[in-house]
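Here is the structure we will look at.
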Amino acid sequence: MKLYCADVRGADEKKAAAPGRSPRAGSAFAASLLAYAAREFWGAETLPRIGTGKTGAPFFVDFPDWHFSLSHSRSHVLAAVSDYPVGADIETRRERPPAFIGKLTTRREREDFDFFELWVLRESLYKLTGEGDLRKMRFSRLNGAIMAPVEGVRCRLYGDIPGCAAAVSCFRGEFPEAVIMVKTCEICS
C-alpha cells in the first residue's frame, strides 16, 4: 500500500490531467492523482477504466486486484493504492461548533481522538466496507492502538499533512510510514 497526496489550494481544476468522475469540486484532482499513483505503484501507462460497485465504491474494471480509495477535501486530495481492499479519507481541519461535535461523538471518543481524526477514521472504514452509519461508528484506543467497530479492521491516522487529518483502513497488509506528497504540477497539465 502507498498513499499519495497533493495540496490543491489555488490550483485550477480545469487544468487537471484527468477528467473527474463527477461535477463535484475536487473530483478531477482526485482522478488525476489516482492516475499518477497507478503509474507509480503498478506501472499503468493510463488511468484504467473505473466502474462503480454495489456499494457505490469505485474500482478498476479491468484490474480487479488493483485496489484504491480516493478522497478530496477543501485543500488536498488523497489516493490510497494497494494490492488488497483499502479505504482512505482526508479532511481539512476547520472550526466546528462544540454542539456539532457533541452530536456526532461520545465523551469517550473525544478523549481518544480529535473530531477530524474520528471523522476520517469513520469515512475510511465506510469506504473499506461500504457499511455503517457515519454518525454512529464508535472508535476507541486501547494501549494506543486504534480499535475499529468492525472485527478484523486495522486503521491508521496520518498527521503529517499540514492542516489536515487523514486515515486509512484495511483488513491486512502493512501501512506506509508516511504519505507521499505529490507536487500539484504532477497532476495538472
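Every chain in the C-alpha cells takes a letter, A first, then B, and so on in the order presented; its residues are numbered from 1, and the ligands are numbered from 1 following the presented order.
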Can you tell me, as an NGL selection string, what residues are no more than 8 Å from region 38-55 of chain A when counting only C-alpha atoms, ignoring any on the same chain fewer than 4 positions away?
-> :A and (2 or 34 or 59-63 or 81 or 130)
Would you output that residue set with C-alpha atoms, as a compact mmCIF listing (two decimals), in the first residue's frame?
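The resulting file, out_15.txt, is shown below:
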# COMPACT_ATOMS: atom_id res chain seq x y z
CA LYS A 2 1.04 3.55 -0.71
CA LEU A 34 -5.11 8.32 -8.97
CA PHE A 59 -13.00 0.01 -8.81
CA PHE A 60 -10.82 -0.72 -11.84
CA VAL A 61 -12.98 -2.75 -14.22
CA ASP A 62 -10.07 -4.48 -15.99
CA PHE A 63 -7.82 -4.86 -12.94
CA VAL A 81 -3.41 2.31 -3.79
CA GLY A 130 -19.47 0.04 2.32
Please, which residues in region 52-139 of chain A fall within 12 Å of region 145-154 of chain A when counting only C-alpha atoms, and what is the closest atom pair and distance in Å to one decimal for each, ordered by chain then residue number, as CSV?
residue,atom,partner,partner_atom,distance
A:Pro85,CA,A:Val153,CA,10.9
A:Val86,CA,A:Arg154,CA,10.1
A:Gly87,CA,A:Val153,CA,10.5
A:Ala88,CA,A:Arg154,CA,11.9
A:Glu109,CA,A:Met147,CA,11.0
A:Asp112,CA,A:Ile146,CA,9.1
A:Phe113,CA,A:Ile146,CA,9.7
A:Glu117,CA,A:Ile146,CA,10.9
A:Leu118,CA,A:Ile146,CA,10.4
A:Leu121,CA,A:Ala148,CA,8.4
A:Arg122,CA,A:Ala148,CA,8.8
A:Glu123,CA,A:Ala148,CA,11.8
A:Ser124,CA,A:Arg154,CA,10.6
A:Leu125,CA,A:Val153,CA,8.0
A:Tyr126,CA,A:Val150,CA,10.2
A:Leu128,CA,A:Val153,CA,9.1
A:Thr129,CA,A:Val150,CA,9.0
A:Gly130,CA,A:Val150,CA,11.7
A:Glu131,CA,A:Val150,CA,9.9
A:Gly132,CA,A:Val150,CA,9.5
A:Asp133,CA,A:Pro149,CA,11.2
A:Leu134,CA,A:Pro149,CA,11.4
A:Lys136,CA,A:Pro149,CA,9.8
A:Met137,CA,A:Pro149,CA,6.5
A:Arg138,CA,A:Pro149,CA,5.8
A:Phe139,CA,A:Ala148,CA,5.2
Let me see the file: selected residues, C-alpha atoms, as a tab-separated table (two decimals), in the first residue's frame.
chain	number	residue	atom	x	y	z
A	85	PRO	CA	-9.02	-3.60	-0.30
A	86	VAL	CA	-8.43	-0.23	1.32
A	87	GLY	CA	-10.42	2.80	2.46
A	88	ALA	CA	-8.92	6.27	2.87
A	109	GLU	CA	-14.32	9.33	21.64
A	112	ASP	CA	-9.29	9.41	22.42
A	113	PHE	CA	-9.45	11.49	19.21
A	117	GLU	CA	-9.33	12.22	13.39
A	118	LEU	CA	-12.56	10.47	14.31
A	121	LEU	CA	-11.48	7.07	10.61
A	122	ARG	CA	-15.24	6.68	10.12
A	123	GLU	CA	-15.07	7.67	6.44
A	124	SER	CA	-12.12	5.36	5.72
A	125	LEU	CA	-13.93	2.45	7.39
A	126	TYR	CA	-17.10	3.17	5.41
A	128	LEU	CA	-13.49	-0.05	3.02
A	129	THR	CA	-16.66	-1.92	3.98
A	130	GLY	CA	-19.47	0.04	2.32
A	131	GLU	CA	-21.49	-0.37	5.51
A	132	GLY	CA	-22.39	1.54	8.63
A	133	ASP	CA	-23.72	4.86	9.82
A	134	LEU	CA	-21.00	7.52	9.87
A	136	LYS	CA	-22.71	6.02	14.94
A	137	MET	CA	-19.42	4.23	14.20
A	138	ARG	CA	-17.62	4.07	17.55
A	139	PHE	CA	-13.83	4.06	17.63
Backbone DSSP call of helix (DSSP H, G or I) for region 29-116 of chain A, listed as a VMD selection string | chain A and resid 29 to 42 98 to 104 107 to 112 115 to 116
Near region 68-79 of chain A, counting only C-alpha atoms, which residues have an atom at most 6 Å away, once you skip same-chain residues fewer than 3 positions from it, shown as a ChimeraX atom specification?
-> /A:3-9,26,30,34,87-92
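Going from CA of Glu174 (chain A) over to CA of His67 (chain A), you cover 14.3 Å.
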Using only C-alpha atoms, which residues sit within 9 Å of Glu186 (chain A) once same-chain residues fewer than 5 positions away are excluded, as an MDAnalysis selection string?
-> chainID A and resid 17 32:33 36
For the residues in that selection, give me N, CA and C atoms as a PDB file, in the first residue's frame.
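Below is the file selection25.pdb, written as the result:
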ATOM      1  N   ALA A  17      -5.040  16.802 -14.956  1.00  0.00           N
ATOM      2  CA  ALA A  17      -4.589  15.891 -16.021  1.00  0.00           C
ATOM      3  C   ALA A  17      -5.651  14.886 -16.445  1.00  0.00           C
ATOM      4  N   SER A  32      -6.871  12.621 -11.260  1.00  0.00           N
ATOM      5  CA  SER A  32      -5.505  12.894 -11.737  1.00  0.00           C
ATOM      6  C   SER A  32      -4.470  12.327 -10.785  1.00  0.00           C
ATOM      7  N   LEU A  33      -4.719  12.455  -9.488  1.00  0.00           N
ATOM      8  CA  LEU A  33      -3.800  11.870  -8.504  1.00  0.00           C
ATOM      9  C   LEU A  33      -3.836  10.350  -8.586  1.00  0.00           C
ATOM     10  N   TYR A  36      -1.692   9.271 -11.438  1.00  0.00           N
ATOM     11  CA  TYR A  36      -0.283   9.376 -11.025  1.00  0.00           C
ATOM     12  C   TYR A  36       0.091   8.182 -10.142  1.00  0.00           C
TER      13      TYR A  36
END
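Counting from CA of Ser189 (chain A), the distance to CA of Ile161 (chain A) is 23.7 Å.
Minimum atom-to-atom distance to Lys15 (chain A), evaluated using only C-alpha atoms, belongs to A:Ala28 out of A:Val179, A:Cys170, A:Ala28, A:Leu142.
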Shortest contact to Ile180 (chain A), candidates A:Arg21, A:Ala57, A:Ala16, A:Ala80, atoms counted only C-alpha atoms, goes to A:Ala80
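The residue that comes closest to Ser169 (chain A), out of A:Ala99, A:Ala25, A:Ala35, A:Lys127 and on the basis of only C-alpha atoms, is A:Lys127.
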Near Phe115 (chain A), within 9 Å and counting only C-alpha atoms, which residues show up once chain neighbours fewer than 4 positions away are dropped, as a PDB file with C-alpha atoms, in the first residue's frame?
ATOM      1  CA  ARG A  96     -16.607  23.255  14.171  1.00  0.00           C
ATOM      2  CA  ILE A 101     -19.077  17.883  17.614  1.00  0.00           C
ATOM      3  CA  LEU A 104     -21.553  13.301  16.408  1.00  0.00           C
ATOM      4  CA  THR A 105     -19.212  11.989  19.101  1.00  0.00           C
ATOM      5  CA  GLU A 109     -14.322   9.331  21.635  1.00  0.00           C
ATOM      6  CA  ARG A 110     -13.433  12.969  22.348  1.00  0.00           C
ATOM      7  CA  TRP A 119     -14.335  11.630  11.163  1.00  0.00           C
ATOM      8  CA  VAL A 120     -11.593  10.410   8.780  1.00  0.00           C
TER       9      VAL A 120
END
